[in-house]
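Structure data follow from start_28.txt (compact mmCIF, C-alpha atoms and all ligand atoms):
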```
# COMPACT_ATOMS: atom_id res chain seq x y z
CA MET A 1 89.87 42.37 93.47
CA ASP A 2 89.04 43.47 97.04
CA ARG A 3 89.16 40.14 98.84
CA ILE A 4 91.19 37.38 97.16
CA LEU A 5 91.16 33.63 97.83
CA ILE A 6 93.94 31.39 96.51
CA THR A 7 93.30 27.64 96.41
CA GLY A 8 96.29 25.31 96.13
CA ALA A 9 98.41 28.04 97.74
CA VAL A 10 101.11 25.59 98.81
CA GLY A 11 101.59 24.16 95.32
CA GLN A 12 104.37 25.02 92.86
CA ILE A 13 102.61 28.13 91.50
CA GLY A 14 100.58 28.85 94.64
CA ILE A 15 103.50 29.77 96.91
CA GLU A 16 104.90 32.34 94.49
CA LEU A 17 101.53 33.67 93.37
CA THR A 18 100.67 34.27 97.04
CA GLU A 19 103.95 36.18 97.44
CA GLY A 20 103.23 38.16 94.27
CA LEU A 21 99.73 39.11 95.47
CA LEU A 22 101.04 40.04 98.92
CA SER A 23 103.53 42.40 97.32
CA ARG A 24 100.65 44.24 95.62
CA PHE A 25 97.75 43.99 98.05
CA PRO A 26 97.50 44.33 101.85
CA ALA A 27 97.82 40.97 103.65
CA SER A 28 94.33 41.45 105.13
CA ARG A 29 92.87 41.11 101.61
CA VAL A 30 94.67 37.89 100.61
CA VAL A 31 93.48 34.50 101.92
CA ALA A 32 95.73 31.54 101.07
CA SER A 33 94.25 28.04 101.33
CA ASP A 34 95.36 24.48 100.71
CA ILE A 35 94.73 20.93 101.90
CA ARG A 36 98.31 20.81 103.20
CA SER A 37 100.46 23.23 105.10
CA ALA A 38 104.05 24.12 104.32
CA ALA A 39 106.95 25.43 106.36
CA GLY A 40 108.01 28.79 104.97
CA ALA A 41 104.67 29.53 103.26
CA PRO A 42 104.32 33.30 102.70
CA ALA A 43 100.97 33.49 104.54
CA ASP A 44 98.89 31.58 107.08
CA ILE A 45 97.40 28.68 105.16
CA ARG A 46 93.69 28.08 105.78
CA TYR A 47 92.74 24.42 105.49
CA LEU A 48 90.57 23.80 102.42
CA ASP A 49 89.60 20.52 100.79
CA ILE A 50 88.50 21.54 97.32
CA THR A 51 86.27 18.47 96.97
CA ASP A 52 84.16 19.76 99.88
CA LYS A 53 81.83 22.44 98.56
CA ALA A 54 80.45 23.40 101.99
CA GLN A 55 83.98 24.16 103.21
CA ILE A 56 84.64 26.43 100.21
CA ALA A 57 81.31 28.20 100.77
CA ARG A 58 82.11 28.79 104.46
CA LEU A 59 85.50 30.29 103.69
CA VAL A 60 84.14 32.46 100.86
CA MET A 61 81.36 33.83 103.09
CA GLU A 62 83.53 34.31 106.20
CA GLU A 63 86.17 36.20 104.24
CA ARG A 64 83.73 38.00 101.88
CA ILE A 65 85.77 36.79 98.89
CA ASP A 66 85.17 38.45 95.51
CA THR A 67 88.07 36.96 93.49
CA ILE A 68 89.36 33.37 93.44
CA PHE A 69 92.66 32.21 91.98
CA HIS A 70 91.82 28.54 91.70
CA LEU A 71 95.09 26.59 91.53
CA ALA A 72 94.29 23.36 93.40
CA ALA A 73 94.92 20.52 90.93
CA LEU A 74 96.86 17.31 90.30
CA LEU A 75 99.44 17.51 87.49
CA SER A 76 99.73 15.16 84.52
CA ALA A 77 101.93 12.31 85.73
CA ARG A 78 100.30 12.15 89.15
CA GLY A 79 96.91 12.27 87.44
CA GLU A 80 97.79 9.16 85.43
CA GLN A 81 98.66 7.33 88.66
CA ASN A 82 95.28 8.18 90.15
CA PRO A 83 92.84 9.27 87.40
CA GLN A 84 89.78 9.21 89.64
CA LEU A 85 91.39 11.50 92.18
CA ALA A 86 92.54 13.79 89.36
CA PHE A 87 88.97 13.97 88.08
CA ALA A 88 87.55 14.65 91.55
CA VAL A 89 90.10 17.34 92.40
CA ASN A 90 90.57 19.01 89.01
CA LEU A 91 87.06 18.98 87.66
CA GLY A 92 84.93 18.33 90.76
CA GLY A 93 86.95 20.97 92.61
CA LEU A 94 86.43 23.52 89.86
CA LEU A 95 82.69 22.82 89.70
CA ASN A 96 82.52 23.38 93.48
CA VAL A 97 84.43 26.65 93.19
CA LEU A 98 82.20 27.91 90.37
CA GLU A 99 78.97 26.90 92.13
CA VAL A 100 80.09 28.63 95.33
CA ALA A 101 81.12 31.65 93.26
CA ARG A 102 77.68 31.75 91.65
CA GLN A 103 75.80 31.34 94.92
CA HIS A 104 77.86 33.81 96.96
CA GLY A 105 78.51 36.64 94.54
CA VAL A 106 82.19 35.99 93.76
CA LYS A 107 82.92 38.22 90.79
CA LYS A 108 86.05 36.76 89.27
CA VAL A 109 87.55 33.24 89.00
CA ILE A 110 91.03 32.78 87.47
CA MET A 111 92.16 29.23 86.72
CA PRO A 112 95.39 28.05 85.09
CA SER A 113 94.95 25.63 82.22
CA THR A 114 97.82 23.91 80.45
CA ILE A 115 99.51 22.65 77.31
CA GLY A 116 98.16 19.30 78.57
CA ALA A 117 94.72 20.37 77.32
CA PHE A 118 96.02 19.82 73.76
CA GLY A 119 96.45 16.34 72.32
CA PRO A 120 98.36 14.29 69.75
CA ASP A 121 96.21 15.62 66.87
CA THR A 122 96.91 19.27 67.74
CA PRO A 123 99.46 21.12 65.54
CA LYS A 124 102.71 21.07 67.52
CA ILE A 125 104.40 24.29 66.43
CA ASP A 126 102.89 27.72 67.18
CA THR A 127 99.73 26.02 68.35
CA PRO A 128 96.87 28.53 68.06
CA ASP A 129 94.36 29.33 70.79
CA ASP A 130 91.58 27.71 68.79
CA THR A 131 92.53 24.35 67.37
CA LEU A 132 91.82 20.63 67.53
CA MET A 133 91.98 19.55 71.19
CA ARG A 134 91.68 15.88 72.05
CA PRO A 135 93.85 15.38 75.15
CA THR A 136 94.77 11.82 76.08
CA SER A 137 95.75 12.23 79.76
CA MET A 138 93.21 12.56 82.58
CA TYR A 139 94.95 15.82 83.53
CA GLY A 140 94.41 17.18 80.01
CA ILE A 141 90.81 15.98 79.90
CA THR A 142 89.98 17.67 83.22
CA LYS A 143 91.71 20.91 82.19
CA LEU A 144 90.03 21.12 78.80
CA ALA A 145 86.65 20.37 80.38
CA GLY A 146 87.57 22.93 83.05
CA GLU A 147 88.15 25.60 80.40
CA LEU A 148 84.71 24.88 78.98
CA LEU A 149 83.09 24.86 82.42
CA LEU A 150 84.64 28.23 83.26
CA ASP A 151 83.35 29.61 79.99
CA TYR A 152 79.89 28.13 80.66
CA TYR A 153 79.65 29.80 84.07
CA SER A 154 80.93 33.06 82.60
CA ARG A 155 78.17 33.12 80.01
CA ARG A 156 75.38 31.72 82.18
CA SER A 157 76.03 33.09 85.65
CA GLY A 158 77.85 36.32 84.95
CA ILE A 159 81.02 35.19 86.74
CA ASP A 160 84.08 36.77 85.16
CA GLY A 161 86.02 33.55 84.38
CA ARG A 162 89.57 33.85 83.02
CA SER A 163 92.12 31.19 82.18
CA LEU A 164 95.52 30.77 80.54
CA ARG A 165 97.32 27.73 79.19
CA PHE A 166 100.65 27.40 80.95
CA PRO A 167 103.61 25.45 79.62
CA GLY A 168 105.95 23.65 82.07
CA ILE A 169 106.93 26.06 84.85
CA ILE A 170 110.50 26.25 86.13
CA SER A 171 111.00 27.59 89.64
CA SER A 172 113.89 27.98 92.06
CA ARG A 173 111.62 28.29 95.05
CA THR A 174 109.21 25.36 94.93
CA GLU A 175 109.89 21.99 93.38
CA PRO A 176 107.11 20.78 91.10
CA GLY A 177 105.33 17.55 91.90
CA GLY A 178 103.89 14.98 89.56
CA GLY A 179 104.32 16.79 86.23
CA THR A 180 105.74 15.70 82.87
CA THR A 181 107.88 18.84 82.69
CA ASP A 182 109.51 18.35 86.13
CA TRP A 183 112.77 17.13 84.55
CA ALA A 184 113.83 20.73 83.75
CA ASP A 185 113.59 21.85 87.36
CA ASP A 186 115.45 18.72 88.38
CA PHE A 187 118.31 19.44 85.92
CA TYR A 188 118.98 22.81 87.60
CA ARG A 189 118.91 21.37 91.12
CA LYS A 190 121.13 18.37 90.26
CA ALA A 191 123.59 20.51 88.30
CA VAL A 192 123.99 22.92 91.23
CA ARG A 193 124.43 20.06 93.70
CA GLY A 194 126.85 18.21 91.42
CA GLU A 195 124.51 15.20 91.35
CA LYS A 196 123.47 12.91 88.51
CA ALA A 197 120.15 13.81 86.89
CA ILE A 198 118.02 10.96 85.60
CA CYS A 199 115.77 12.28 82.86
CA PHE A 200 112.47 10.46 82.36
CA LEU A 201 112.03 11.84 78.81
CA ARG A 202 114.03 11.24 75.63
CA ALA A 203 116.84 13.75 75.12
CA ASP A 204 115.19 15.33 72.07
CA THR A 205 111.70 15.88 73.53
CA ARG A 206 110.93 19.56 72.93
CA LEU A 207 108.33 21.19 75.16
CA PRO A 208 107.38 24.77 76.03
CA PHE A 209 108.51 26.25 79.36
CA MET A 210 108.21 29.44 81.38
CA TYR A 211 110.06 30.84 84.38
CA MET A 212 107.92 31.24 87.50
CA PRO A 213 108.17 35.06 87.82
CA ASP A 214 106.68 35.33 84.32
CA ALA A 215 103.94 32.83 85.24
CA VAL A 216 103.01 34.87 88.33
CA GLU A 217 102.95 38.09 86.28
CA ALA A 218 100.78 36.36 83.66
CA LEU A 219 98.19 35.32 86.25
CA ILE A 220 98.08 38.73 87.92
CA GLY A 221 98.17 40.54 84.56
CA LEU A 222 95.23 38.55 83.23
CA ALA A 223 93.30 39.02 86.48
CA LEU A 224 93.80 42.80 86.44
CA ALA A 225 93.11 43.30 82.72
CA GLU A 226 90.11 45.44 81.80
CA ARG A 227 87.24 43.10 80.95
CA SER A 228 86.43 45.13 77.85
CA ARG A 229 89.87 44.31 76.39
CA LEU A 230 89.44 40.54 76.67
CA SER A 231 88.26 38.85 73.51
CA ARG A 232 88.16 35.32 74.97
CA SER A 233 88.14 33.46 78.28
CA VAL A 234 91.21 31.22 77.72
CA TYR A 235 94.62 32.40 76.46
CA ASN A 236 97.77 30.61 75.33
CA VAL A 237 100.94 32.03 76.90
CA HIS A 238 104.38 31.10 75.57
CA SER A 239 107.89 31.84 76.69
CA LEU A 240 110.58 29.39 75.49
CA THR A 241 110.98 25.86 74.11
CA LEU A 242 113.50 23.40 75.51
CA ALA A 243 114.56 19.80 74.97
CA PRO A 244 116.50 18.01 77.72
CA THR A 245 119.58 17.88 75.51
CA GLU A 246 119.41 21.66 74.92
CA LEU A 247 119.13 22.51 78.63
CA ALA A 248 121.85 19.95 79.45
CA LYS A 249 124.20 21.56 76.93
CA PHE A 250 123.51 25.00 78.34
CA LEU A 251 124.13 23.82 81.91
CA GLN A 252 127.32 22.04 80.82
CA SER A 253 128.76 25.42 79.84
CA ILE A 254 128.54 26.31 83.55
CA PHE A 255 128.88 22.86 85.15
CA PRO A 256 131.12 20.87 82.73
CA ASP A 257 130.54 17.57 84.58
CA PHE A 258 126.76 17.75 84.25
CA GLU A 259 125.64 14.80 82.11
CA PRO A 260 122.11 13.50 82.57
CA LEU A 261 121.18 9.87 82.13
CA TYR A 262 118.17 9.33 79.89
CA GLN A 263 115.65 6.72 81.02
CA PRO A 264 112.33 7.50 79.32
CA ASP A 265 109.30 6.07 81.11
CA SER A 266 105.51 6.28 80.74
CA ARG A 267 105.67 10.09 80.91
CA GLN A 268 107.21 10.08 77.40
CA SER A 269 103.84 9.36 75.80
CA ILE A 270 102.27 12.27 77.69
CA ALA A 271 105.04 14.60 76.48
CA ASP A 272 104.71 13.30 72.92
CA SER A 273 101.07 14.37 72.88
CA TRP A 274 101.84 18.01 73.78
CA PRO A 275 102.82 20.99 71.58
CA GLN A 276 106.32 22.45 71.38
CA SER A 277 105.39 26.10 71.12
CA LEU A 278 102.22 28.16 71.44
CA ASP A 279 100.94 31.10 69.45
CA ASP A 280 100.08 33.61 72.19
CA HIS A 281 99.37 36.72 70.13
CA HIS A 282 95.88 37.15 71.62
CA ALA A 283 97.38 37.41 75.13
CA ARG A 284 100.00 39.87 73.87
CA THR A 285 97.39 42.06 72.19
CA ASP A 286 94.52 41.82 74.67
CA TRP A 287 96.34 42.21 78.01
CA ASP A 288 99.93 43.06 77.09
CA TRP A 289 101.42 39.67 77.99
CA SER A 290 105.16 39.71 77.41
CA PRO A 291 107.57 37.30 79.15
CA GLN A 292 110.71 38.81 80.65
CA TYR A 293 112.89 35.69 80.95
CA ASP A 294 114.73 33.83 78.18
CA LEU A 295 116.97 30.82 78.86
CA GLN A 296 119.98 32.96 79.76
CA ARG A 297 118.16 35.24 82.20
CA MET A 298 116.19 32.42 83.74
CA THR A 299 119.35 30.35 84.29
CA ALA A 300 121.20 33.27 85.89
CA ASP A 301 118.31 33.82 88.30
CA MET A 302 117.82 30.10 89.02
CA LEU A 303 121.50 29.64 89.85
CA LYS A 304 121.61 32.76 92.01
CA ASN A 305 118.66 31.42 94.02
CA LEU A 306 119.69 27.76 94.15
CA LYS A 307 123.38 28.17 94.92
CA PRO A 308 123.13 29.26 98.57
CA LYS A 309 121.37 25.95 99.29
CA ARG A 310 124.45 24.01 98.21
CA GLY A 311 125.76 21.65 100.97
N1 LIG B 1 103.73 21.11 84.20
C1 LIG B 1 102.51 20.44 83.86
C2 LIG B 1 102.71 18.98 83.87
O1 LIG B 1 103.77 18.54 83.50
C3 LIG B 1 102.02 20.88 82.51
O2 LIG B 1 100.97 21.75 82.67
O3 LIG B 1 101.81 18.26 84.19
```

As structure tokens, please, write out the structure in this file.
Amino acid sequence: MDRILITGAVGQIGIELTEGLLSRFPASRVVASDIRSAAGAPADIRYLDITDKAQIARLVMEERIDTIFHLAALLSARGEQNPQLAFAVNLGGLLNVLEVARQHGVKKVIMPSTIGAFGPDTPKIDTPDDTLMRPTSMYGITKLAGELLLDYYSRRSGIDGRSLRFPGIISSRTEPGGGTTDWADDFYRKAVRGEKAICFLRADTRLPFMYMPDAVEALIGLALAERSRLSRSVYNVHSLTLAPTELAKFLQSIFPDFEPLYQPDSRQSIADSWPQSLDDHHARTDWDWSPQYDLQRMTADMLKNLKPKRG
């Protein structure tokens, strides 16, 4: 990992992954790119439209990139609003990245996949790495196809492609956008501000989650793992499972007035098609994955980071 490119560097994971990489590698070796800019981004953001292969090729050549963290993607709910854009960005963008990687000698491509790659027929508890996968959202379809595409390029073109299936990510730093798991982030922010949270899922909808520092460590840990230790190209990673009613109850012990209003919408059917917990023993064995944050620790850190922003 001599010269690293991050795509989607201004997204929910991108901002904190960029920070995490900058804390380990000299700034001159980390190139952050996105189609948008953001105030307070940890690095200069190079403009990159992932649907434009020539642009990716130019940046990769100019910066002599050998490793790409490919994060640019539309999440599940936004993908349902604009399925064609989700297809173009999520799958077309990945194909562009892999083709450029093949043509210009990029050695390693790391791409997050998701619980959205599973579907309603998948076993919901302790979902294994290898199981029935028939996703029903465009997001899930593009991510599952993306896993296969990454694997195809790894076998055919010698690119070292690595991926992990993330649950919903909770972060104090960057608000998510367009996901089915965004309600959890929103609960923390509304509770701290003393505002009413409107939850778009049913109170009992259990889904897997992870705190952002663990997600960043997972991406960097997988990227740095010895190739010889990896037995597969895509890994489940699990941390904790939460239903809105469980997080609400926990937050009520700190903010007694916090009482969300439940108004399930079309995102409920997306959530209902996803697992509740993942079996991640391959990640634990192959590259020592081990999350550091449970609900208690995550909440303490979230509140410490969110509180100064209070009115
Ligand atoms: N957080 C994502 C979403 O809700 C799941 O990968 O779309």

Coordinates-based distance that separates atom CA of Gln12 of chain A from atom CA of Ile198 of chain A (Å, one decimal):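 One can read the atom CA of Ile198 of chain A to atom CA of Gln12 of chain A distance as 20.9 Å.
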
Using only C-alpha atoms, give me every residue within 9 Å of (82.9, 26.9, 89.2) in file coordinates, as JSON, numbers by chain. {"A": [92, 93, 94, 95, 96, 97, 98, 99, 100, 101, 102, 109, 146, 149, 150, 153, 159, 161]}

Between atom CA of Arg229 of chain A and atom CA of Asp288 of chain A, what distance in Å does the model show, to one decimal?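 Atom CA of Asp288 of chain A lies at a distance of 10.2 Å from atom CA of Arg229 of chain A.
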
How would you write, as a PyMOL selection string, the set of residues no farther than 9 Å from ligand LIG 1 (chain B) when counting all atoms listed in the file? chain A and resi 74-79+112-117+139-140+165-170+176-182+209+270-271

Among listed residues A:Asp280, A:Asp272, A:Asp286, A:Glu259, nearest Ser228 of chain A (using all atoms listed in the file):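 Distance minimum relative to Ser228 of chain A lands on A:Asp286.
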
Here atom CA of Trp183 of chain A and atom CA of Tyr262 of chain A stand apart by 10.6 Å

Applying 10 Å and only C-alpha atoms, which residues near Ile35 of chain A remain after dropping the ones on its own chain fewer than 4 positions away? List them as a ChimeraX atom specification. /A:7-10,45-50,72

Distance criterion (all atoms listed in the file): nearest to Ile65 of chain A out of A:Ser253, A:Thr127, A:Thr18, A:Ser28: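 Under the stated criterion, the closest residue is A:Ser28.
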
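The closest residue to Ala203 of chain A, picked from A:Leu278, A:Ile56, A:Ala184, A:Leu148 and counting only C-alpha atoms, is A:Ala184.
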
Of the listed residues A:Ala38, A:Ile254, A:Ala283, A:Leu71, that which approaches Ile110 of chain A most closely, counting only C-alpha atoms: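 Under the stated criterion, the closest residue is A:Leu71.
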
Name the closest residue to Arg3 of chain A among the candidates A:Ser137, A:Thr67, A:Gln268, A:Thr245; distances are taken between atoms, counting only C-alpha atoms.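 When distances to Arg3 of chain A are compared using only C-alpha atoms, the smallest one comes from A:Thr67.
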
For Phe200 of chain A, which residue out of A:Asn90, A:Thr299, A:Gln263, A:Thr131 is the nearest one, using all atoms listed in the file?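 When distances to Phe200 of chain A are compared using all atoms listed in the file, the smallest one comes from A:Gln263.
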